[in-house]
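Novice: One structure, as structure tokens, below. Some questions next.
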Amino acid sequence: MPPSVDPELYRLGLGLSRRIFNRLDDLITNEYPTKTPILLSQIIRRLVTSVVSYLQTSRDERTSKYALRSLKIVGTHLKYLESASSSRVPTSIITPLERVVRHAHPDAHVMIRVQSSYNYTVSNIIDTYRNLFKALLPDFDLLLNGVTHLYVVGVPGVEDGNILLHALLAHELGHRIADKYLESEDQQQLIQNIESQIGTDLTWHTAEFLNLPPHFHLPLRQRVFALVLEARKRALEELISDAVGYYLVGVTMLFAAQELTASGVIDSLPTEGSRWYPPWRYRIRSLLDLAIGDDLERVLKSIEGPDPICKIKDSALQFFTALKTISAQSSDITLIQTDGIVSRAYKDIPTVMKAIPAFIASELTALGYRPDVLAREIATLLERISFGIPPDDCTAGPPDFRSALTAGWLYRTARIPVPYLAQRTWNPDDDETLNRLVLKGIESIELIREYRKSSARN
Amino acid sequence: MSLTYEMEAQGNTFHLGLLASQASALLNQTEGTTLTSVELKTIEEARKCLRDVLTGAQTLHSGRSAAGVTTNSILSLGLAMTPLQQAQQFLGRDVLTDERFISVVKEMNSELGIILDSGRVPAPSQSLTIASLFFGFVADSLLSILSLPHPAEAER
């Protein structure tokens, strides 16, 4: 066996692998809500073993450095296992999430973890491993042992019990659909469109353009082109993901987005430093257009029931009106138009977004949460919450879990006590109670669903 | 709202850097060395990247979409420009004009085509040396990026 080109790299890799294995030995003793974390630990173990073998025989120093770097990257993935134990994650959302993910990939595995950053994330870690190891390890596919999709879903640790906010995971799942749409675009046409936006004279971007030496022209054109493309891509990634979120969880997506907006700047100009996030007002307008297209205001108006249902209906309609007011102001668009890069990036976005609902419907077919389901189930669920019981039952049986989420958000908007007492005013504990009821409601809905499925099989 | 893309971006950077590193090492081998099917796949993928760079450069230089151009062509061009200038400077040559840049990429592309046709490392040539240096500089620049604290790693 030929020696490694730099024995030190092998030694470093071997040491690192031993520390990874020791940590894995500890982590597999944790209690997890599903088998997926153990599955991930096994994949990591096999990959690390194989990289160390590679390092032992590699004859190229630069490539060995990449191999060593891959171990360091995989070592950071142990944090996913550390934060996925039963005691830490909101287990009730695993089943609904798996159902959505398995619609696209029937053999997919889903693992939920909490993270310290205030973010929701959904990543297929197998794609990352393919990028890291496929070219390094000839037996890479065997090491996966048939696993093709293993989604690591991150929720902000501080919000682990805030089931209402977890509706934002629908947005994160939407990123897969956004990627698919962007991949399907006619690339040559897109480049031609951007080219015509940018033009040959770049003085709009760099005033001294015409005085630059010729060898600066190509790098500058590339830079400008890349910025416009990136700003456009990032806008569409977020806007399409929002639209998927709306398709999957309905009006709940608007509530959750509006809550996130509260701590942000509503008209912030997309910049490279802000990873080109589109302005919140732009996103809310885009979401509201979908809700208006579904005639959601009429559905909300149709909610009938005893006190406090009318109060809840009124506050939901007020919320809708407030969003319309936000959407009617065009300060975000004015801001976009003042920036050379962003105005060019956003030129065709309204046209693209018109085609998105049909694209999403074709990708996710039966998974949509339609307003007629909301109209049918919501009043009963609101009434149950007002009695202080979980929103898990309708006359016709268990409701759609998204109706339970929507009931939670609508109730929350009204700022009334849980259970409802006309003489008592709302206090912050009521929000906690509401979250617990919705969490229990979803757990119960999913349990009944699973039970019925298993009964039908037997 | 999310760091969903951070982990994927890290994986993509790694993949590209590793490919460049492997391609550089293969092009550095002794004349006549026979390449395995796996090594030829690496050369094929490296050539695909060069074609991306080429269509990106041709499109931006001419102002018309070159056949096969994609958004990735424009981004690949961005990654390639500095390493190719570095390779030129390493050999004591002048800074590349747009036209010369395009022709150097074409020459490297042809060199890789010859390897794919013959299955062997060809006789030393300027294009082969430039290609090996170029891929090496790409690999080094990407490894430097990967060595920086990454949002996907910093996040816990």
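Ordering of the structure tokens sets the chain letters (A, B, ...), residue numbers begin anew at 1 in every chain, and ligands are numbered from 1 in the order given.
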Pick out each residue of stretch 3-152 of chain B that DSSP on the backbone tags as alpha helix (DSSP H); I need them as a ChimeraX atom specification.
Specialist: /B:4-27,37-62,71-90,98-118,126-147,151-152
Novice: Could the residues of chain B within 9 Å of chain A, counting only C-alpha atoms, be given as a PyMOL selection string, please?
Specialist: chain B and resi 1-5+7-19+21-22+25+38+42+56-57+59-61+63-71+74-75+77-78+81+95-98+136+139-140+143+146-147+152-156
Novice: Applying 12 Å and only C-alpha atoms, which residues near stretch 300-313 of chain A remain after dropping the ones on its own chain fewer than 3 positions away? List them as a compact mmCIF listing (two decimals) with N, CA and C atoms, in the first residue's frame.
Specialist:
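Output file around_8.txt follows:
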```
# COMPACT_ATOMS: atom_id res chain seq x y z
N VAL A 251 -54.14 30.46 5.04
CA VAL A 251 -54.04 31.79 5.65
C VAL A 251 -53.04 31.83 6.82
N ALA A 291 -54.40 34.95 -1.42
CA ALA A 291 -55.58 34.84 -0.54
C ALA A 291 -56.79 35.50 -1.19
N ILE A 292 -56.57 36.64 -1.85
CA ILE A 292 -57.68 37.32 -2.54
C ILE A 292 -58.17 36.44 -3.69
N ASP A 294 -58.29 33.35 -3.73
CA ASP A 294 -59.09 32.27 -3.13
C ASP A 294 -60.38 32.78 -2.50
N ASP A 295 -60.60 34.11 -2.61
CA ASP A 295 -61.78 34.72 -2.00
C ASP A 295 -61.83 34.44 -0.50
N LEU A 296 -60.70 34.53 0.12
CA LEU A 296 -60.58 34.15 1.53
C LEU A 296 -61.39 35.08 2.45
N GLU A 297 -61.50 36.34 2.05
CA GLU A 297 -62.25 37.28 2.88
C GLU A 297 -63.72 36.82 2.99
N ALA A 316 -60.33 38.70 12.64
CA ALA A 316 -59.69 38.12 11.45
C ALA A 316 -59.90 39.04 10.25
N LEU A 317 -61.10 39.59 10.14
CA LEU A 317 -61.38 40.50 9.02
C LEU A 317 -60.58 41.80 9.16
N GLN A 318 -60.41 42.24 10.41
CA GLN A 318 -59.59 43.44 10.64
C GLN A 318 -58.14 43.17 10.23
N PHE A 319 -57.68 41.98 10.56
CA PHE A 319 -56.31 41.59 10.19
C PHE A 319 -56.16 41.63 8.67
N PHE A 320 -57.16 41.09 8.00
CA PHE A 320 -57.15 41.05 6.54
C PHE A 320 -57.11 42.47 5.97
N THR A 321 -57.92 43.36 6.57
CA THR A 321 -57.95 44.75 6.11
C THR A 321 -56.60 45.43 6.35
N PRO A 371 -59.75 26.54 0.77
CA PRO A 371 -60.63 27.35 1.62
C PRO A 371 -61.93 26.65 1.99
N ASP A 372 -62.42 25.74 1.14
CA ASP A 372 -63.68 25.07 1.47
C ASP A 372 -63.52 24.17 2.69
N LEU A 374 -61.43 24.81 5.17
CA LEU A 374 -61.40 25.77 6.27
C LEU A 374 -62.84 26.18 6.63
N ALA A 375 -63.61 26.53 5.60
CA ALA A 375 -64.99 26.98 5.83
C ALA A 375 -65.81 25.91 6.55
N ARG A 376 -65.56 24.66 6.21
CA ARG A 376 -66.34 23.55 6.76
C ARG A 376 -65.97 23.24 8.22
N GLU A 377 -64.69 23.40 8.55
CA GLU A 377 -64.21 22.89 9.84
C GLU A 377 -63.95 23.96 10.91
N ILE A 378 -63.77 25.20 10.49
CA ILE A 378 -63.19 26.18 11.40
C ILE A 378 -64.07 26.54 12.60
N ALA A 379 -65.37 26.71 12.38
CA ALA A 379 -66.23 27.19 13.47
C ALA A 379 -66.22 26.21 14.64
N THR A 380 -66.33 24.92 14.34
CA THR A 380 -66.33 23.91 15.40
C THR A 380 -65.02 23.93 16.18
N LEU A 381 -63.93 24.10 15.46
CA LEU A 381 -62.62 24.07 16.12
C LEU A 381 -62.42 25.31 16.99
N LEU A 382 -62.90 26.44 16.51
CA LEU A 382 -62.80 27.67 17.31
C LEU A 382 -63.63 27.51 18.59
N GLU A 383 -64.77 26.91 18.43
CA GLU A 383 -65.64 26.71 19.59
C GLU A 383 -64.96 25.81 20.63
N ARG A 384 -64.29 24.76 20.13
CA ARG A 384 -63.61 23.85 21.06
C ARG A 384 -62.51 24.60 21.83
N ILE A 385 -61.75 25.42 21.11
CA ILE A 385 -60.70 26.19 21.81
C ILE A 385 -61.34 27.10 22.85
N SER A 386 -62.45 27.71 22.47
CA SER A 386 -63.10 28.65 23.41
C SER A 386 -63.56 27.93 24.69
N PHE A 387 -63.78 26.62 24.57
CA PHE A 387 -64.14 25.82 25.77
C PHE A 387 -62.89 25.34 26.51
N THR A 406 -55.02 26.81 11.78
CA THR A 406 -55.72 28.05 11.40
C THR A 406 -56.60 28.54 12.55
N ALA A 407 -57.28 27.58 13.19
CA ALA A 407 -58.14 27.96 14.33
C ALA A 407 -57.29 28.63 15.41
N GLY A 408 -56.10 28.08 15.63
CA GLY A 408 -55.20 28.66 16.64
C GLY A 408 -54.84 30.09 16.30
N TRP A 409 -54.49 30.31 15.04
CA TRP A 409 -54.08 31.66 14.63
C TRP A 409 -55.26 32.64 14.69
N LEU A 410 -56.42 32.20 14.23
CA LEU A 410 -57.59 33.09 14.24
C LEU A 410 -57.94 33.47 15.69
N TYR A 411 -57.89 32.48 16.56
CA TYR A 411 -58.22 32.72 17.97
C TYR A 411 -57.22 33.71 18.56
N ARG A 412 -55.95 33.50 18.23
CA ARG A 412 -54.88 34.35 18.75
C ARG A 412 -55.09 35.82 18.36
N THR A 413 -55.53 36.00 17.11
CA THR A 413 -55.72 37.36 16.59
C THR A 413 -56.75 38.14 17.42
N ALA A 414 -57.73 37.42 17.95
CA ALA A 414 -58.81 38.09 18.70
C ALA A 414 -58.37 38.55 20.09
N ARG A 415 -57.22 38.07 20.57
CA ARG A 415 -56.74 38.44 21.92
C ARG A 415 -57.84 38.28 22.97
N ILE A 416 -58.35 37.07 23.08
CA ILE A 416 -59.36 36.76 24.09
C ILE A 416 -58.88 35.59 24.94
N PRO A 417 -59.42 35.44 26.15
CA PRO A 417 -58.92 34.39 27.03
C PRO A 417 -59.22 32.97 26.55
N VAL A 418 -58.39 32.03 27.00
CA VAL A 418 -58.60 30.60 26.72
C VAL A 418 -58.65 29.89 28.08
N PRO A 419 -59.76 29.22 28.46
CA PRO A 419 -61.06 29.23 27.77
C PRO A 419 -61.70 30.62 27.82
N TYR A 420 -62.67 30.79 26.92
CA TYR A 420 -63.27 32.12 26.79
C TYR A 420 -64.22 32.42 27.94
N LEU A 421 -64.00 33.57 28.54
CA LEU A 421 -64.90 34.07 29.58
C LEU A 421 -65.13 35.54 29.27
N ALA A 422 -66.38 35.90 29.02
CA ALA A 422 -66.69 37.26 28.55
C ALA A 422 -66.18 38.33 29.52
N GLN A 423 -66.17 38.01 30.84
CA GLN A 423 -65.82 39.04 31.83
C GLN A 423 -64.32 39.14 32.07
```
Novice: Show me, as a list of chain:residue names, the residues that have an atom within 6 Å of stretch 116-120 of chain B when counting only C-alpha atoms, minus same-chain residues fewer than 6 positions from it.
Specialist: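 Here the qualifying residues turn out to be B:Gly32, B:Thr33, B:Thr34, B:Leu35.
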Novice: In Å, with one decimal, what is the gap from atom CA of A:Ser53 to atom CA of A:Gly13?
Specialist: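 Between these atoms lies a distance of 9.6 Å.
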Novice: Could you go through stretch 139-282 of chain A and tell me which residues DSSP, when run on the backbone, assigns to strand (DSSP E), listing them as JSON, numbers by chain?
Specialist: {"A": [150, 151, 152, 153, 154, 155, 156]}
Novice: Given the selection you just returned, output its residues as a file containing all heavy atoms, formatted as a CSV table (one decimal), in the first residue's frame.
Specialist:
```
chain,number,residue,atom,x,y,z
A,150,LEU,N,-32.7,12.3,3.2
A,150,LEU,CA,-32.8,12.4,4.6
A,150,LEU,C,-32.9,13.9,5.0
A,150,LEU,O,-31.8,14.6,4.9
A,150,LEU,CB,-31.6,11.7,5.3
A,150,LEU,CG,-31.7,11.4,6.8
A,150,LEU,CD1,-30.8,10.3,7.2
A,150,LEU,CD2,-31.6,12.6,7.7
A,151,TYR,N,-34.1,14.3,5.2
A,151,TYR,CA,-34.3,15.8,5.5
A,151,TYR,C,-34.0,16.1,6.9
A,151,TYR,O,-34.6,15.5,7.8
A,151,TYR,CB,-35.7,16.2,5.1
A,151,TYR,CG,-35.8,16.2,3.6
A,151,TYR,CD1,-36.3,15.1,2.9
A,151,TYR,CD2,-35.5,17.4,2.9
A,151,TYR,CE1,-36.4,15.2,1.5
A,151,TYR,CE2,-35.6,17.4,1.5
A,151,TYR,CZ,-36.1,16.3,0.8
A,151,TYR,OH,-36.2,16.4,-0.6
A,152,VAL,N,-33.1,17.1,7.1
A,152,VAL,CA,-32.9,17.6,8.5
A,152,VAL,C,-33.7,18.9,8.6
A,152,VAL,O,-33.4,19.8,7.8
A,152,VAL,CB,-31.4,17.8,8.7
A,152,VAL,CG1,-31.2,18.4,10.1
A,152,VAL,CG2,-30.6,16.6,8.6
A,153,VAL,N,-34.6,18.9,9.5
A,153,VAL,CA,-35.5,20.0,9.6
A,153,VAL,C,-35.2,20.8,10.9
A,153,VAL,O,-35.3,20.2,12.0
A,153,VAL,CB,-37.0,19.6,9.7
A,153,VAL,CG1,-38.0,20.7,9.9
A,153,VAL,CG2,-37.4,18.8,8.4
A,154,GLY,N,-34.8,22.0,10.8
A,154,GLY,CA,-34.4,22.8,12.0
A,154,GLY,C,-35.5,23.8,12.4
A,154,GLY,O,-36.1,24.4,11.5
A,155,VAL,N,-35.8,23.8,13.7
A,155,VAL,CA,-36.7,24.8,14.2
A,155,VAL,C,-36.0,25.6,15.3
A,155,VAL,O,-35.1,25.1,16.0
A,155,VAL,CB,-38.0,24.2,14.8
A,155,VAL,CG1,-38.8,23.4,13.7
A,155,VAL,CG2,-37.8,23.3,16.0
A,156,PRO,N,-36.3,26.9,15.4
A,156,PRO,CA,-35.6,27.7,16.4
A,156,PRO,C,-35.9,27.1,17.8
A,156,PRO,O,-37.1,26.9,18.2
A,156,PRO,CB,-36.2,29.1,16.3
A,156,PRO,CG,-37.3,29.0,15.3
A,156,PRO,CD,-37.3,27.7,14.7
```
Novice: So that I can see what lies close to A:Leu364, please list as number ranges by chain the residues with an atom at most 12 Å from it, counting only C-alpha atoms and leaving out residues fewer than 4 positions away in the same chain.
Specialist: A: 99-105, 173-174, 176-177, 243-245, 247-248, 357-360, 368-369
Novice: Please produce a file of those selected residues containing N, CA and C atoms, as a PDB file, in the first residue's frame.
Specialist:
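New file selection15.pdb:
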```pdb
ATOM      1  N   ARG A  99     -45.409  13.400   5.867  1.00  0.00           N
ATOM      2  CA  ARG A  99     -46.422  13.156   4.839  1.00  0.00           C
ATOM      3  C   ARG A  99     -46.169  14.065   3.624  1.00  0.00           C
ATOM      4  N   VAL A 100     -45.865  15.337   3.901  1.00  0.00           N
ATOM      5  CA  VAL A 100     -45.627  16.280   2.803  1.00  0.00           C
ATOM      6  C   VAL A 100     -44.353  15.894   2.041  1.00  0.00           C
ATOM      7  N   VAL A 101     -43.305  15.603   2.791  1.00  0.00           N
ATOM      8  CA  VAL A 101     -42.022  15.279   2.153  1.00  0.00           C
ATOM      9  C   VAL A 101     -42.147  13.997   1.328  1.00  0.00           C
ATOM     10  N   ARG A 102     -42.862  13.012   1.879  1.00  0.00           N
ATOM     11  CA  ARG A 102     -42.966  11.714   1.181  1.00  0.00           C
ATOM     12  C   ARG A 102     -43.878  11.775  -0.040  1.00  0.00           C
ATOM     13  N   HIS A 103     -44.626  12.855  -0.145  1.00  0.00           N
ATOM     14  CA  HIS A 103     -45.415  13.039  -1.360  1.00  0.00           C
ATOM     15  C   HIS A 103     -44.465  13.130  -2.561  1.00  0.00           C
ATOM     16  N   ALA A 104     -43.348  13.852  -2.349  1.00  0.00           N
ATOM     17  CA  ALA A 104     -42.369  13.995  -3.433  1.00  0.00           C
ATOM     18  C   ALA A 104     -41.390  12.815  -3.462  1.00  0.00           C
ATOM     19  N   HIS A 105     -40.988  12.346  -2.281  1.00  0.00           N
ATOM     20  CA  HIS A 105     -39.995  11.262  -2.196  1.00  0.00           C
ATOM     21  C   HIS A 105     -40.512  10.202  -1.223  1.00  0.00           C
ATOM     22  N   LEU A 173     -40.266  24.034   3.147  1.00  0.00           N
ATOM     23  CA  LEU A 173     -40.474  22.922   2.208  1.00  0.00           C
ATOM     24  C   LEU A 173     -40.637  23.468   0.792  1.00  0.00           C
ATOM     25  N   GLY A 174     -41.179  24.674   0.718  1.00  0.00           N
ATOM     26  CA  GLY A 174     -41.395  25.307  -0.584  1.00  0.00           C
ATOM     27  C   GLY A 174     -40.114  25.569  -1.351  1.00  0.00           C
ATOM     28  N   ARG A 176     -37.846  23.579  -2.079  1.00  0.00           N
ATOM     29  CA  ARG A 176     -37.586  22.500  -3.051  1.00  0.00           C
ATOM     30  C   ARG A 176     -38.368  22.765  -4.351  1.00  0.00           C
ATOM     31  N   ILE A 177     -39.596  23.281  -4.183  1.00  0.00           N
ATOM     32  CA  ILE A 177     -40.426  23.573  -5.361  1.00  0.00           C
ATOM     33  C   ILE A 177     -39.844  24.788  -6.099  1.00  0.00           C
ATOM     34  N   ALA A 243     -45.440  31.156  -1.567  1.00  0.00           N
ATOM     35  CA  ALA A 243     -46.642  30.684  -2.267  1.00  0.00           C
ATOM     36  C   ALA A 243     -46.895  29.205  -1.976  1.00  0.00           C
ATOM     37  N   VAL A 244     -45.831  28.424  -1.885  1.00  0.00           N
ATOM     38  CA  VAL A 244     -45.987  27.007  -1.521  1.00  0.00           C
ATOM     39  C   VAL A 244     -46.529  26.918  -0.086  1.00  0.00           C
ATOM     40  N   GLY A 245     -45.980  27.750   0.781  1.00  0.00           N
ATOM     41  CA  GLY A 245     -46.454  27.783   2.165  1.00  0.00           C
ATOM     42  C   GLY A 245     -47.945  28.067   2.216  1.00  0.00           C
ATOM     43  N   TYR A 247     -50.084  27.515  -0.175  1.00  0.00           N
ATOM     44  CA  TYR A 247     -50.779  26.370  -0.768  1.00  0.00           C
ATOM     45  C   TYR A 247     -50.941  25.249   0.272  1.00  0.00           C
ATOM     46  N   LEU A 248     -49.899  25.075   1.095  1.00  0.00           N
ATOM     47  CA  LEU A 248     -49.909  23.952   2.059  1.00  0.00           C
ATOM     48  C   LEU A 248     -50.682  24.253   3.334  1.00  0.00           C
ATOM     49  N   PRO A 357     -48.857  29.670  -9.081  1.00  0.00           N
ATOM     50  CA  PRO A 357     -49.885  28.796  -8.467  1.00  0.00           C
ATOM     51  C   PRO A 357     -50.139  27.524  -9.261  1.00  0.00           C
ATOM     52  N   ALA A 358     -50.188  27.643 -10.580  1.00  0.00           N
ATOM     53  CA  ALA A 358     -50.441  26.440 -11.403  1.00  0.00           C
ATOM     54  C   ALA A 358     -49.261  25.475 -11.295  1.00  0.00           C
ATOM     55  N   PHE A 359     -48.047  26.024 -11.255  1.00  0.00           N
ATOM     56  CA  PHE A 359     -46.860  25.167 -11.141  1.00  0.00           C
ATOM     57  C   PHE A 359     -46.888  24.404  -9.818  1.00  0.00           C
ATOM     58  N   ILE A 360     -47.212  25.122  -8.734  1.00  0.00           N
ATOM     59  CA  ILE A 360     -47.253  24.479  -7.409  1.00  0.00           C
ATOM     60  C   ILE A 360     -48.330  23.394  -7.377  1.00  0.00           C
ATOM     61  N   GLY A 368     -52.806  20.446  -1.258  1.00  0.00           N
ATOM     62  CA  GLY A 368     -53.265  21.812  -0.985  1.00  0.00           C
ATOM     63  C   GLY A 368     -54.310  21.860   0.125  1.00  0.00           C
ATOM     64  N   TYR A 369     -54.248  22.966   0.888  1.00  0.00           N
ATOM     65  CA  TYR A 369     -55.271  23.187   1.925  1.00  0.00           C
ATOM     66  C   TYR A 369     -56.242  24.207   1.364  1.00  0.00           C
TER      67      TYR A 369
END
```
Novice: Expressed in Å to a single decimal, how great is the separation between atom CA of A:Val265 and atom CA of A:Tyr282?
Specialist: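 Pair atom CA of A:Val265 / atom CA of A:Tyr282 returns 11.7 Å.
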